[in-house]
file input_13.pdb (PDB, C-alpha atoms)
ATOM      1  CA  MET C 245     -64.999-106.487-266.727
ATOM      2  CA  GLU C 246     -64.993-106.377-270.475
ATOM      3  CA  ILE C 247     -63.132-103.519-272.122
ATOM      4  CA  ARG C 248     -64.193-102.406-275.578
ATOM      5  CA  PHE C 249     -62.132-100.498-278.099
ATOM      6  CA  GLN C 250     -62.622 -99.510-281.712
ATOM      7  CA  ALA C 251     -60.046 -99.018-284.439
ATOM      8  CA  ILE C 252     -59.193 -95.340-285.034
ATOM      9  CA  GLY C 253     -57.643 -96.220-288.391
ATOM     10  CA  ILE C 254     -55.742 -98.855-290.328
ATOM     11  CA  ILE C 255     -52.021 -99.561-290.688
ATOM     12  CA  HIS C 256     -50.755-100.279-294.193
ATOM     13  CA  THR C 257     -47.536-102.212-294.788
ATOM     14  CA  PRO C 258     -46.125-104.353-297.608
ATOM     15  CA  TYR C 259     -46.586-107.470-295.460
ATOM     16  CA  LYS C 260     -49.563-109.448-296.707
ATOM     17  CA  GLU C 261     -48.642-112.878-295.425
ATOM     18  CA  SER C 262     -45.583-112.590-293.221
ATOM     19  CA  ALA C 263     -43.927-109.839-291.232
ATOM     20  CA  PRO C 264     -40.637-109.321-289.390
ATOM     21  CA  TYR C 265     -40.637-109.717-285.624
ATOM     22  CA  GLN C 266     -39.889-106.082-284.994
ATOM     23  CA  PRO C 267     -39.761-102.817-286.989
ATOM     24  CA  VAL C 268     -37.115-102.585-289.696
ATOM     25  CA  GLU C 269     -36.151 -98.928-289.689
ATOM     26  CA  GLU C 270     -34.245 -99.168-292.914
ATOM     27  CA  ALA C 271     -37.099-100.644-294.951
ATOM     28  CA  GLU C 272     -37.733 -98.657-298.127
ATOM     29  CA  ASP C 273     -41.329 -99.687-298.684
ATOM     30  CA  GLU C 274     -44.205 -97.480-297.684
ATOM     31  CA  PHE C 275     -45.626 -97.777-294.196
ATOM     32  CA  THR C 276     -48.632 -95.666-293.271
ATOM     33  CA  ALA C 277     -51.156 -95.241-290.497
ATOM     34  CA  VAL C 278     -54.392 -93.979-292.063
ATOM     35  CA  LEU C 279     -56.762 -92.467-289.533
ATOM     36  CA  GLU C 280     -60.491 -92.171-289.885
ATOM     37  CA  PRO C 281     -61.205 -88.648-291.179
ATOM     38  CA  ARG C 282     -62.913 -87.609-287.922
ATOM     39  CA  TYR C 283     -59.581 -88.062-286.095
ATOM     40  CA  GLU C 284     -57.430 -86.139-288.595
ATOM     41  CA  ALA C 285     -57.303 -82.972-286.475
ATOM     42  CA  GLY C 286     -55.744 -85.031-283.672
ATOM     43  CA  LEU C 287     -52.534 -85.266-285.738
ATOM     44  CA  PHE C 288     -51.807 -81.522-285.404
ATOM     45  CA  LYS C 289     -48.081 -81.070-284.539
ATOM     46  CA  LEU C 290     -47.411 -84.820-284.441
ATOM     47  CA  GLU C 291     -44.841 -84.296-287.200
ATOM     48  CA  LYS C 292     -42.649 -82.359-284.742
ATOM     49  CA  PHE C 293     -41.749 -85.651-283.069
ATOM     50  CA  ARG C 294     -38.965 -87.784-284.500
ATOM     51  CA  TYR C 295     -40.455 -90.953-283.004
ATOM     52  CA  ILE C 296     -43.963 -92.022-282.099
ATOM     53  CA  TYR C 297     -45.603 -95.075-280.587
ATOM     54  CA  LEU C 298     -48.138 -96.955-282.651
ATOM     55  CA  ILE C 299     -50.501 -99.114-280.597
ATOM     56  CA  TYR C 300     -52.514-101.628-282.566
ATOM     57  CA  TYR C 301     -54.676-104.712-282.389
ATOM     58  CA  ILE C 302     -52.872-107.893-283.430
ATOM     59  CA  ASP C 303     -55.873-109.268-285.301
ATOM     60  CA  ARG C 304     -54.322-111.927-287.546
ATOM     61  CA  LEU C 305     -53.384-114.403-284.872
ATOM     62  CA  ASN C 306     -55.536-117.303-283.759
ATOM     63  CA  VAL C 307     -53.225-118.820-281.207
ATOM     64  CA  GLN C 308     -54.051-119.443-277.585
ATOM     65  CA  PRO C 309     -51.402-117.654-275.491
ATOM     66  CA  LYS C 310     -49.002-119.834-273.496
ATOM     67  CA  MET C 311     -47.406-118.508-270.335
ATOM     68  CA  HIS C 312     -43.963-119.819-271.296
ATOM     69  CA  VAL C 313     -42.615-119.080-274.787
ATOM     70  CA  LYS C 314     -39.491-119.770-276.810
ATOM     71  CA  PRO C 315     -38.838-116.693-278.980
ATOM     72  CA  PRO C 316     -38.044-118.033-282.474
ATOM     73  CA  TRP C 317     -34.736-116.122-282.726
ATOM     74  CA  ALA C 318     -33.471-117.126-279.272
ATOM     75  CA  GLY C 319     -32.707-120.808-279.788
ATOM     76  CA  SER C 320     -34.243-122.959-277.101
ATOM     77  CA  VAL C 321     -34.424-120.335-274.358
ATOM     78  CA  GLU C 322     -37.726-120.404-272.513
ATOM     79  CA  VAL C 323     -39.056-117.242-270.874
ATOM     80  CA  GLY C 324     -42.319-115.945-269.482
ATOM     81  CA  LEU C 325     -44.774-114.487-271.999
ATOM     82  CA  PHE C 326     -44.610-111.048-270.371
ATOM     83  CA  ALA C 327     -40.802-111.113-270.586
ATOM     84  CA  SER C 328     -41.205-111.540-274.363
ATOM     85  CA  ARG C 329     -42.657-109.557-277.227
ATOM     86  CA  SER C 330     -44.553-112.575-278.544
ATOM     87  CA  PRO C 331     -47.750-111.480-280.333
ATOM     88  CA  ALA C 332     -49.824-114.290-278.752
ATOM     89  CA  ARG C 333     -50.851-112.482-275.548
ATOM     90  CA  PRO C 334     -54.011-112.495-273.407
ATOM     91  CA  ASN C 335     -54.743-109.039-274.852
ATOM     92  CA  PRO C 336     -53.118-108.965-278.312
ATOM     93  CA  ILE C 337     -52.007-105.334-278.160
ATOM     94  CA  GLY C 338     -49.034-104.459-280.342
ATOM     95  CA  LEU C 339     -46.609-101.638-279.591
ATOM     96  CA  SER C 340     -43.991-100.294-281.993
ATOM     97  CA  VAL C 341     -41.686 -97.299-281.871
ATOM     98  CA  VAL C 342     -41.395 -95.819-285.386
ATOM     99  CA  LYS C 343     -40.002 -92.678-286.996
ATOM    100  CA  VAL C 344     -42.430 -90.119-288.359
ATOM    101  CA  LYS C 345     -41.510 -89.324-291.965
ATOM    102  CA  LYS C 346     -44.365 -86.943-292.703
ATOM    103  CA  VAL C 347     -48.026 -86.334-291.983
ATOM    104  CA  GLU C 348     -50.389 -85.527-294.861
ATOM    105  CA  GLY C 349     -54.044 -85.057-294.022
ATOM    106  CA  ASN C 350     -55.128 -88.166-292.159
ATOM    107  CA  VAL C 351     -52.089 -90.214-293.221
ATOM    108  CA  VAL C 352     -48.959 -90.677-291.093
ATOM    109  CA  TYR C 353     -45.949 -91.964-293.064
ATOM    110  CA  THR C 354     -43.597 -93.935-290.831
ATOM    111  CA  SER C 355     -40.431 -95.969-290.842
ATOM    112  CA  GLY C 356     -40.621 -99.747-291.117
ATOM    113  CA  LEU C 357     -43.229-101.455-289.054
ATOM    114  CA  ASP C 358     -43.571-105.114-288.124
ATOM    115  CA  VAL C 359     -47.262-105.737-288.735
ATOM    116  CA  PHE C 360     -49.529-107.121-291.394
ATOM    117  CA  ASP C 361     -51.199-104.855-293.911
ATOM    118  CA  GLY C 362     -54.657-103.890-292.672
ATOM    119  CA  THR C 363     -53.883-104.068-288.953
ATOM    120  CA  PRO C 364     -56.375-102.042-286.864
ATOM    121  CA  LEU C 365     -54.797 -98.986-285.220
ATOM    122  CA  LEU C 366     -55.793 -98.277-281.617
ATOM    123  CA  ASP C 367     -53.724 -95.247-280.650
ATOM    124  CA  ILE C 368     -50.810 -92.999-281.539
ATOM    125  CA  LYS C 369     -48.712 -91.396-278.800
ATOM    126  CA  PRO C 370     -45.676 -89.130-279.064
ATOM    127  CA  TYR C 371     -42.376 -90.731-277.982
ATOM    128  CA  ILE C 372     -40.939 -88.010-275.756
ATOM    129  CA  ARG C 373     -37.201 -88.193-275.212
ATOM    130  CA  GLU C 374     -37.168 -87.510-271.505
ATOM    131  CA  LEU C 375     -40.038 -89.874-270.711
ATOM    132  CA  ASP C 376     -39.416 -92.760-273.055
ATOM    133  CA  SER C 377     -35.734 -92.932-273.956
ATOM    134  CA  LYS C 378     -34.071 -94.800-271.091
ATOM    135  CA  GLU C 379     -30.341 -94.760-271.732
ATOM    136  CA  ASP C 380     -29.686 -97.161-268.869
ATOM    137  CA  ALA C 381     -32.156 -99.724-270.199
ATOM    138  CA  ASN C 382     -30.772-103.227-270.539
ATOM    139  CA  TYR C 383     -31.421-106.333-272.627
ATOM    140  CA  GLY C 384     -32.909-108.434-269.827
ATOM    141  CA  TRP C 385     -32.477-112.176-270.287
ATOM    142  CA  ILE C 386     -31.117-111.572-273.791
ATOM    143  CA  GLU C 387     -27.875-110.365-272.152
ATOM    144  CA  GLY C 388     -27.128-113.857-270.954
ATOM    145  CA  LEU C 389     -27.202-115.321-274.460
ATOM    146  CA  ASP C 390     -24.007-116.092-276.330
ATOM    147  CA  ASN C 391     -24.468-114.092-279.482
ATOM    148  CA  ARG C 392     -26.578-111.138-278.481
ATOM    149  CA  GLU C 393     -25.615-108.861-281.338
ATOM    150  CA  HIS C 394     -26.503-111.480-283.887
ATOM    151  CA  LEU C 395     -29.790-112.184-282.109
ATOM    152  CA  MET C 396     -30.660-108.492-282.145
ATOM    153  CA  LEU C 397     -30.502-108.577-285.946
ATOM    154  CA  HIS C 398     -33.123-111.318-285.811
ATOM    155  CA  ILE C 399     -35.327-109.582-283.277
ATOM    156  CA  LYS C 400     -35.171-106.382-285.342
ATOM    157  CA  GLY C 401     -35.825-108.280-288.555
ATOM    158  CA  ILE C 402     -32.685-106.920-290.224
ATOM    159  CA  PRO C 403     -31.519-109.081-293.145
ATOM    160  CA  HIS C 404     -28.015-110.450-292.639
ATOM    161  CA  LYS C 405     -25.821-113.148-294.092
ATOM    162  CA  TYR C 406     -24.831-115.502-291.321
TER     163      TYR C 406
ATOM    164  CA  MET T 186     -65.242-103.796-285.653
ATOM    165  CA  GLU T 187     -65.417-103.965-281.900
ATOM    166  CA  ILE T 188     -62.292-105.114-280.091
ATOM    167  CA  ARG T 189     -62.666-106.724-276.690
ATOM    168  CA  PHE T 190     -60.030-107.007-274.008
ATOM    169  CA  GLN T 191     -60.038-108.179-270.420
ATOM    170  CA  ALA T 192     -57.901-107.043-267.506
ATOM    171  CA  ILE T 193     -55.009-109.426-266.786
ATOM    172  CA  GLY T 194     -54.541-107.850-263.357
ATOM    173  CA  ILE T 195     -54.801-104.651-261.350
ATOM    174  CA  ILE T 196     -52.330-101.814-260.771
ATOM    175  CA  HIS T 197     -52.004-100.556-257.217
ATOM    176  CA  THR T 198     -50.704 -97.065-256.442
ATOM    177  CA  PRO T 199     -51.102 -94.572-253.582
ATOM    178  CA  TYR T 200     -53.248 -92.352-255.832
ATOM    179  CA  LYS T 201     -56.880 -92.651-254.825
ATOM    180  CA  GLU T 202     -58.188 -89.357-256.119
ATOM    181  CA  SER T 203     -55.453 -87.625-258.099
ATOM    182  CA  ALA T 204     -52.334 -88.722-259.924
ATOM    183  CA  PRO T 205     -49.314 -87.061-261.528
ATOM    184  CA  TYR T 206     -49.311 -86.664-265.301
ATOM    185  CA  GLN T 207     -46.439 -89.066-265.819
ATOM    186  CA  PRO T 208     -44.469 -91.592-263.730
ATOM    187  CA  VAL T 209     -42.421 -90.211-260.851
ATOM    188  CA  GLU T 210     -39.425 -92.514-260.725
ATOM    189  CA  GLU T 211     -38.275 -91.223-257.375
ATOM    190  CA  ALA T 212     -41.561 -91.871-255.574
ATOM    191  CA  GLU T 213     -41.041 -93.894-252.394
ATOM    192  CA  ASP T 214     -44.537 -95.305-252.102
ATOM    193  CA  GLU T 215     -45.378 -98.799-253.236
ATOM    194  CA  PHE T 216     -46.429 -99.372-256.816
ATOM    195  CA  THR T 217     -47.434-102.853-257.889
ATOM    196  CA  ALA T 218     -48.978-104.681-260.801
ATOM    197  CA  VAL T 219     -50.837-107.698-259.433
ATOM    198  CA  LEU T 220     -51.617-110.304-262.078
ATOM    199  CA  GLU T 221     -54.374-112.824-261.968
ATOM    200  CA  PRO T 222     -52.866-116.062-260.633
ATOM    201  CA  ARG T 223     -53.348-117.878-263.965
ATOM    202  CA  TYR T 224     -50.901-115.422-265.582
ATOM    203  CA  GLU T 225     -48.197-115.673-262.905
ATOM    204  CA  ALA T 226     -46.010-118.049-264.949
ATOM    205  CA  GLY T 227     -45.858-115.393-267.690
ATOM    206  CA  LEU T 228     -43.622-113.287-265.414
ATOM    207  CA  PHE T 229     -40.723-115.783-265.619
ATOM    208  CA  LYS T 230     -37.465-113.828-266.235
ATOM    209  CA  LEU T 231     -39.241-110.466-266.374
ATOM    210  CA  GLU T 232     -37.080-109.358-263.443
ATOM    211  CA  LYS T 233     -34.017-109.479-265.719
ATOM    212  CA  PHE T 234     -35.205-106.284-267.399
ATOM    213  CA  ARG T 235     -34.423-102.930-265.827
ATOM    214  CA  TYR T 236     -37.455-101.319-267.490
ATOM    215  CA  ILE T 237     -40.808-102.620-268.655
ATOM    216  CA  TYR T 238     -43.876-101.184-270.334
ATOM    217  CA  LEU T 239     -47.150-101.312-268.470
ATOM    218  CA  ILE T 240     -50.204-101.015-270.714
ATOM    219  CA  TYR T 241     -53.469-100.309-268.947
ATOM    220  CA  TYR T 242     -57.035 -99.205-269.336
ATOM    221  CA  ILE T 243     -57.652 -95.611-268.245
ATOM    222  CA  ASP T 244     -60.985 -96.404-266.601
ATOM    223  CA  ARG T 245     -61.539 -93.412-264.317
ATOM    224  CA  LEU T 246     -62.162 -90.811-266.995
ATOM    225  CA  ASN T 247     -65.561 -89.842-268.312
ATOM    226  CA  VAL T 248     -64.509 -87.160-270.741
ATOM    227  CA  GLN T 249     -65.299 -87.104-274.424
ATOM    228  CA  PRO T 250     -61.976 -86.828-276.301
ATOM    229  CA  LYS T 251     -61.309 -83.588-278.187
ATOM    230  CA  MET T 252     -59.018 -83.589-281.207
ATOM    231  CA  HIS T 253     -57.186 -80.445-280.044
ATOM    232  CA  VAL T 254     -55.916 -80.296-276.470
ATOM    233  CA  LYS T 255     -54.019 -77.859-274.237
ATOM    234  CA  PRO T 256     -51.763 -79.947-271.972
ATOM    235  CA  PRO T 257     -52.188 -78.471-268.462
ATOM    236  CA  TRP T 258     -48.442 -77.943-267.955
ATOM    237  CA  ALA T 259     -47.835 -76.300-271.341
ATOM    238  CA  GLY T 260     -49.527 -72.945-270.852
ATOM    239  CA  SER T 261     -51.892 -72.138-273.689
ATOM    240  CA  VAL T 262     -50.226 -74.258-276.380
ATOM    241  CA  GLU T 263     -52.748 -76.190-278.436
ATOM    242  CA  VAL T 264     -51.732 -79.462-280.088
ATOM    243  CA  GLY T 265     -53.403 -82.474-281.656
ATOM    244  CA  LEU T 266     -54.608 -85.172-279.287
ATOM    245  CA  PHE T 267     -52.250 -87.750-280.824
ATOM    246  CA  ALA T 268     -49.310 -85.359-280.359
ATOM    247  CA  SER T 269     -50.138 -85.358-276.630
ATOM    248  CA  ARG T 270     -50.250 -87.893-273.808
ATOM    249  CA  SER T 271     -53.685 -86.695-272.698
ATOM    250  CA  PRO T 272     -55.634 -89.563-271.096
ATOM    251  CA  ALA T 273     -58.880 -88.590-272.882
ATOM    252  CA  ARG T 274     -58.367 -90.581-276.101
ATOM    253  CA  PRO T 275     -60.720 -92.459-278.434
ATOM    254  CA  ASN T 276     -59.262 -95.669-276.954
ATOM    255  CA  PRO T 277     -58.168 -94.807-273.399
ATOM    256  CA  ILE T 278     -55.055 -96.982-273.393
ATOM    257  CA  GLY T 279     -52.327 -95.882-271.017
ATOM    258  CA  LEU T 280     -48.627 -96.601-271.542
ATOM    259  CA  SER T 281     -45.905 -96.108-268.940
ATOM    260  CA  VAL T 282     -42.235 -97.045-268.843
ATOM    261  CA  VAL T 283     -41.336 -98.114-265.300
ATOM    262  CA  LYS T 284     -38.412 -99.756-263.522
ATOM    263  CA  VAL T 285     -38.826-103.320-262.259
ATOM    264  CA  LYS T 286     -37.853-103.449-258.596
ATOM    265  CA  LYS T 287     -38.682-107.096-257.987
ATOM    266  CA  VAL T 288     -41.144-109.816-258.926
ATOM    267  CA  GLU T 289     -42.679-111.970-256.198
ATOM    268  CA  GLY T 290     -45.216-114.565-257.250
ATOM    269  CA  ASN T 291     -47.864-112.742-259.256
ATOM    270  CA  VAL T 292     -46.798-109.282-258.041
ATOM    271  CA  VAL T 293     -44.486-106.940-259.973
ATOM    272  CA  TYR T 294     -43.038-104.134-257.837
ATOM    273  CA  THR T 295     -42.257-101.070-259.958
ATOM    274  CA  SER T 296     -41.012 -97.514-259.777
ATOM    275  CA  GLY T 297     -43.503 -94.639-259.620
ATOM    276  CA  LEU T 298     -46.481 -94.870-261.874
ATOM    277  CA  ASP T 299     -48.938 -92.167-262.890
ATOM    278  CA  VAL T 300     -52.264 -93.967-262.550
ATOM    279  CA  PHE T 301     -55.077 -94.336-260.074
ATOM    280  CA  ASP T 302     -55.142 -97.211-257.632
ATOM    281  CA  GLY T 303     -57.194-100.068-259.050
ATOM    282  CA  THR T 304     -56.451 -99.375-262.730
ATOM    283  CA  PRO T 305     -57.026-102.465-264.924
ATOM    284  CA  LEU T 306     -53.804-103.858-266.386
ATOM    285  CA  LEU T 307     -53.912-104.960-270.038
ATOM    286  CA  ASP T 308     -50.358-106.047-270.804
ATOM    287  CA  ILE T 309     -46.736-106.046-269.666
ATOM    288  CA  LYS T 310     -43.933-105.958-272.233
ATOM    289  CA  PRO T 311     -40.169-105.877-271.724
ATOM    290  CA  TYR T 312     -38.496-102.567-272.626
ATOM    291  CA  ILE T 313     -35.545-103.773-274.686
ATOM    292  CA  ARG T 314     -32.694-101.317-274.994
ATOM    293  CA  GLU T 315     -32.004-101.751-278.685
ATOM    294  CA  LEU T 316     -35.662-101.637-279.717
ATOM    295  CA  ASP T 317     -37.099 -99.029-277.401
ATOM    296  CA  SER T 318     -34.370 -96.649-276.258
ATOM    297  CA  LYS T 319     -34.028 -94.090-279.058
ATOM    298  CA  GLU T 320     -31.116 -91.851-278.192
ATOM    299  CA  ASP T 321     -31.901 -89.474-281.062
ATOM    300  CA  ALA T 322     -35.508 -89.020-279.932
ATOM    301  CA  ASN T 323     -36.587 -85.398-279.565
ATOM    302  CA  TYR T 324     -39.150 -83.391-277.595
ATOM    303  CA  GLY T 325     -41.428 -82.593-280.546
ATOM    304  CA  TRP T 326     -43.427 -79.384-280.163
ATOM    305  CA  ILE T 327     -42.204 -79.114-276.555
ATOM    306  CA  GLU T 328     -38.810 -78.036-277.954
ATOM    307  CA  GLY T 329     -40.310 -74.777-279.178
ATOM    308  CA  LEU T 330     -41.480 -73.745-275.719
ATOM    309  CA  ASP T 331     -39.568 -71.205-273.662
ATOM    310  CA  ASN T 332     -38.908 -73.123-270.494
ATOM    311  CA  ARG T 333     -38.688 -76.746-271.597
ATOM    312  CA  GLU T 334     -36.706 -78.007-268.622
ATOM    313  CA  HIS T 335     -39.176 -76.556-266.181
ATOM    314  CA  LEU T 336     -42.074 -77.987-268.181
ATOM    315  CA  MET T 337     -40.493 -81.437-268.129
ATOM    316  CA  LEU T 338     -40.651 -81.364-264.317
ATOM    317  CA  HIS T 339     -44.387 -80.809-264.680
ATOM    318  CA  ILE T 340     -44.897 -83.471-267.312
ATOM    319  CA  LYS T 341     -42.950 -85.943-265.175
ATOM    320  CA  GLY T 342     -44.829 -84.929-262.051
ATOM    321  CA  ILE T 343     -41.624 -84.110-260.156
ATOM    322  CA  PRO T 344     -42.199 -81.758-257.205
ATOM    323  CA  HIS T 345     -40.242 -78.509-257.540
ATOM    324  CA  LYS T 346     -40.246 -75.062-255.998
ATOM    325  CA  TYR T 347     -40.767 -72.501-258.748
TER     326      TYR T 347
END
call {"tool": "encode", "arguments": {"input": "input_13.pdb", "output": "structure tokens"}}
result
Amino acid sequence: MEIRFQAIGIIHTPYKESAPYQPVEEAEDEFTAVLEPRYEAGLFKLEKFRYIYLIYYIDRLNVQPKMHVKPPWAGSVEVGLFASRSPARPNPIGLSVVKVKKVEGNVVYTSGLDVFDGTPLLDIKPYIRELDSKEDANYGWIEGLDNREHLMLHIKGIPHKY
Amino acid sequence: MEIRFQAIGIIHTPYKESAPYQPVEEAEDEFTAVLEPRYEAGLFKLEKFRYIYLIYYIDRLNVQPKMHVKPPWAGSVEVGLFASRSPARPNPIGLSVVKVKKVEGNVVYTSGLDVFDGTPLLDIKPYIRELDSKEDANYGWIEGLDNREHLMLHIKGIPHKY
């Protein structure tokens, strides 16, 4: 079965040639999701949410997915592709949790986002505290690594000195 | 631009003809994501995570999406489609956060999941505490409703008496 989707809009970021691995909330540049005008009415009351999910098509990657990967920030640890957030997946669907700054017309202004400028947007969903915020969530295999806090800076793309 | 995906596996649930709106964590029935054998190696170390995202294709819905919706559990409140989790979306991509119970071969056993039996699976991603658990997340427009706690039972599909 082949499944067909179409972009509902385009994500704009400052990243033309490289991007962090994961959203950088503190980034000061402008990050927007610009919907096609026919979908603008679908944004009604979205601004009430502090966080939303952006779901997008990772279109800038021409790499055949491998079932075992070594995340670049995790040294030489090898894990299964589905236990990683590697962008090279059988279906290159990207998922990011971002803050909503404001909504103006068909434009959603968000916190930092880890994708290339021009990335096709597939969906926006509200991040609802009781459904999506799991306070007992863990770090999976990352917990077993020596310097987890330092690694989290890498995975979140936060600049740091050591 | 047309975007093409293929199922990487199938989700099995007890729901043949109706399903709750959102995952029911407490459900005692069996919920599994069965991957195609060629993707089995991609599950290595997935079991280390307490929660994962399942991303799937909502294939059992032949409804044209409307940009304003009235979620069935929210009385007569009207909101934008993208401020809702309605399944009738321009790209019918479903997203659920579930607990990993165990992984055996190409089968992931999960907590309760709000989809029909036989739903095509598109991706599995680890839910990583520091990236995905937003403790300051809110309830968006749901906060303005009178009986939010009662409504959350509905949105989560939890059986209750009143």
call {"tool": "axis_aligned_box", "arguments": {"input": "input_13.pdb", "around": "range 247-258 of chain T", "padding_each_side": "5 Å", "output": "JSON"}}
result
{"center_x": -57.0, "center_y": -83.9, "center_z": -274.6, "size_x": 27.1, "size_y": 22.0, "size_z": 23.3}
call {"tool": "resolve_selection", "arguments": {"input": "input_13.pdb", "expression": "the PyMOL selection byres ((chain T and resi 194) around 9)", "output": "mmCIF file with C-alpha atoms, in the frame of the given file"}}
result
data_model
loop_
_atom_site.group_PDB
_atom_site.id
_atom_site.type_symbol
_atom_site.label_atom_id
_atom_site.label_comp_id
_atom_site.auth_asym_id
_atom_site.auth_seq_id
_atom_site.Cartn_x
_atom_site.Cartn_y
_atom_site.Cartn_z
ATOM 1 C CA GLN T 191 -60.038 -108.179 -270.420
ATOM 2 C CA ALA T 192 -57.901 -107.043 -267.506
ATOM 3 C CA ILE T 193 -55.009 -109.426 -266.786
ATOM 4 C CA ILE T 195 -54.801 -104.651 -261.350
ATOM 5 C CA ILE T 196 -52.330 -101.814 -260.771
ATOM 6 C CA ALA T 218 -48.978 -104.681 -260.801
ATOM 7 C CA VAL T 219 -50.837 -107.698 -259.433
ATOM 8 C CA LEU T 220 -51.617 -110.304 -262.078
ATOM 9 C CA GLU T 221 -54.374 -112.824 -261.968
ATOM 10 C CA PRO T 222 -52.866 -116.062 -260.633
ATOM 11 C CA TYR T 224 -50.901 -115.422 -265.582
ATOM 12 C CA THR T 304 -56.451 -99.375 -262.730
ATOM 13 C CA PRO T 305 -57.026 -102.465 -264.924
ATOM 14 C CA LEU T 306 -53.804 -103.858 -266.386
ATOM 15 C CA LEU T 307 -53.912 -104.960 -270.038
ATOM 16 C CA ASP T 308 -50.358 -106.047 -270.804
#
call {"tool": "interface_residues", "arguments": {"input": "input_13.pdb", "of": "chain T", "to": "chain C", "cutoff": "7 Å", "atoms": "only C-alpha atoms", "output": "MDAnalysis selection string"}}
result
chainID T and resid 186:191 224 226:231 233:236 252:253 264:270 276 282 307:311 313:314 317:320 322:326
call {"tool": "write_last_selection", "arguments": {"input": "input_13.pdb", "atoms": "C-alpha atoms", "output": "compact mmCIF listing (two decimals), in the frame of the given file"}}
result
# COMPACT_ATOMS: atom_id res chain seq x y z
CA MET T 186 -65.24 -103.80 -285.65
CA GLU T 187 -65.42 -103.96 -281.90
CA ILE T 188 -62.29 -105.11 -280.09
CA ARG T 189 -62.67 -106.72 -276.69
CA PHE T 190 -60.03 -107.01 -274.01
CA GLN T 191 -60.04 -108.18 -270.42
CA TYR T 224 -50.90 -115.42 -265.58
CA ALA T 226 -46.01 -118.05 -264.95
CA GLY T 227 -45.86 -115.39 -267.69
CA LEU T 228 -43.62 -113.29 -265.41
CA PHE T 229 -40.72 -115.78 -265.62
CA LYS T 230 -37.47 -113.83 -266.24
CA LEU T 231 -39.24 -110.47 -266.37
CA LYS T 233 -34.02 -109.48 -265.72
CA PHE T 234 -35.20 -106.28 -267.40
CA ARG T 235 -34.42 -102.93 -265.83
CA TYR T 236 -37.46 -101.32 -267.49
CA MET T 252 -59.02 -83.59 -281.21
CA HIS T 253 -57.19 -80.44 -280.04
CA VAL T 264 -51.73 -79.46 -280.09
CA GLY T 265 -53.40 -82.47 -281.66
CA LEU T 266 -54.61 -85.17 -279.29
CA PHE T 267 -52.25 -87.75 -280.82
CA ALA T 268 -49.31 -85.36 -280.36
CA SER T 269 -50.14 -85.36 -276.63
CA ARG T 270 -50.25 -87.89 -273.81
CA ASN T 276 -59.26 -95.67 -276.95
CA VAL T 282 -42.24 -97.04 -268.84
CA LEU T 307 -53.91 -104.96 -270.04
CA ASP T 308 -50.36 -106.05 -270.80
CA ILE T 309 -46.74 -106.05 -269.67
CA LYS T 310 -43.93 -105.96 -272.23
CA PRO T 311 -40.17 -105.88 -271.72
CA ILE T 313 -35.54 -103.77 -274.69
CA ARG T 314 -32.69 -101.32 -274.99
CA ASP T 317 -37.10 -99.03 -277.40
CA SER T 318 -34.37 -96.65 -276.26
CA LYS T 319 -34.03 -94.09 -279.06
CA GLU T 320 -31.12 -91.85 -278.19
CA ALA T 322 -35.51 -89.02 -279.93
CA ASN T 323 -36.59 -85.40 -279.56
CA TYR T 324 -39.15 -83.39 -277.60
CA GLY T 325 -41.43 -82.59 -280.55
CA TRP T 326 -43.43 -79.38 -280.16
call {"tool": "atom_distance", "arguments": {"input": "input_13.pdb", "atom1": "CA of Glu215 in chain T", "atom2": "CA of Val292 in chain T"}}
result
11.6 Å
call {"tool": "atom_distance", "arguments": {"input": "input_13.pdb", "atom1": "CA of Pro316 in chain C", "atom2": "CA of Gly356 in chain C"}}
result
20.4 Å
call {"tool": "atom_distance", "arguments": {"input": "input_13.pdb", "atom1": "CA of Glu202 in chain T", "atom2": "CA of Pro272 in chain T"}}
result
15.2 Å
call {"tool": "closest_residue", "arguments": {"input": "input_13.pdb", "among": "C:Leu357, C:Lys346, C:Trp317, C:Val352", "to": "Arg392 in chain C", "atoms": "all atoms listed in the file"}}
result
C:Trp317
call {"tool": "closest_residue", "arguments": {"input": "input_13.pdb", "among": "T:Ala273, T:Lys201, T:Asn332, T:Ser296", "to": "Asn247 in chain T", "atoms": "only C-alpha atoms"}}
result
T:Ala273
call {"tool": "build_atoms", "arguments": {"input": "input_13.pdb", "residues": "range 283-289 of chain C", "atoms": "N, CA and C atoms", "output": "PDB file, in the frame of the given file"}}
result
ATOM      1  N   TYR C 283     -60.706 -88.199-287.035  1.00  0.00           N
ATOM      2  CA  TYR C 283     -59.581 -88.062-286.095  1.00  0.00           C
ATOM      3  C   TYR C 283     -58.414 -87.263-286.676  1.00  0.00           C
ATOM      4  N   GLU C 284     -58.552 -86.806-287.919  1.00  0.00           N
ATOM      5  CA  GLU C 284     -57.430 -86.139-288.595  1.00  0.00           C
ATOM      6  C   GLU C 284     -56.873 -84.950-287.795  1.00  0.00           C
ATOM      7  N   ALA C 285     -57.766 -84.159-287.208  1.00  0.00           N
ATOM      8  CA  ALA C 285     -57.303 -82.972-286.475  1.00  0.00           C
ATOM      9  C   ALA C 285     -56.423 -83.346-285.280  1.00  0.00           C
ATOM     10  N   GLY C 286     -56.551 -84.570-284.799  1.00  0.00           N
ATOM     11  CA  GLY C 286     -55.744 -85.031-283.672  1.00  0.00           C
ATOM     12  C   GLY C 286     -54.271 -85.208-284.019  1.00  0.00           C
ATOM     13  N   LEU C 287     -53.934 -85.097-285.309  1.00  0.00           N
ATOM     14  CA  LEU C 287     -52.534 -85.266-285.738  1.00  0.00           C
ATOM     15  C   LEU C 287     -51.753 -83.951-285.737  1.00  0.00           C
ATOM     16  N   PHE C 288     -52.441 -82.846-285.404  1.00  0.00           N
ATOM     17  CA  PHE C 288     -51.807 -81.522-285.404  1.00  0.00           C
ATOM     18  C   PHE C 288     -50.518 -81.522-284.564  1.00  0.00           C
ATOM     19  N   LYS C 289     -49.414 -81.163-285.177  1.00  0.00           N
ATOM     20  CA  LYS C 289     -48.081 -81.070-284.539  1.00  0.00           C
ATOM     21  C   LYS C 289     -47.427 -82.430-284.238  1.00  0.00           C
TER      22      LYS C 289
END
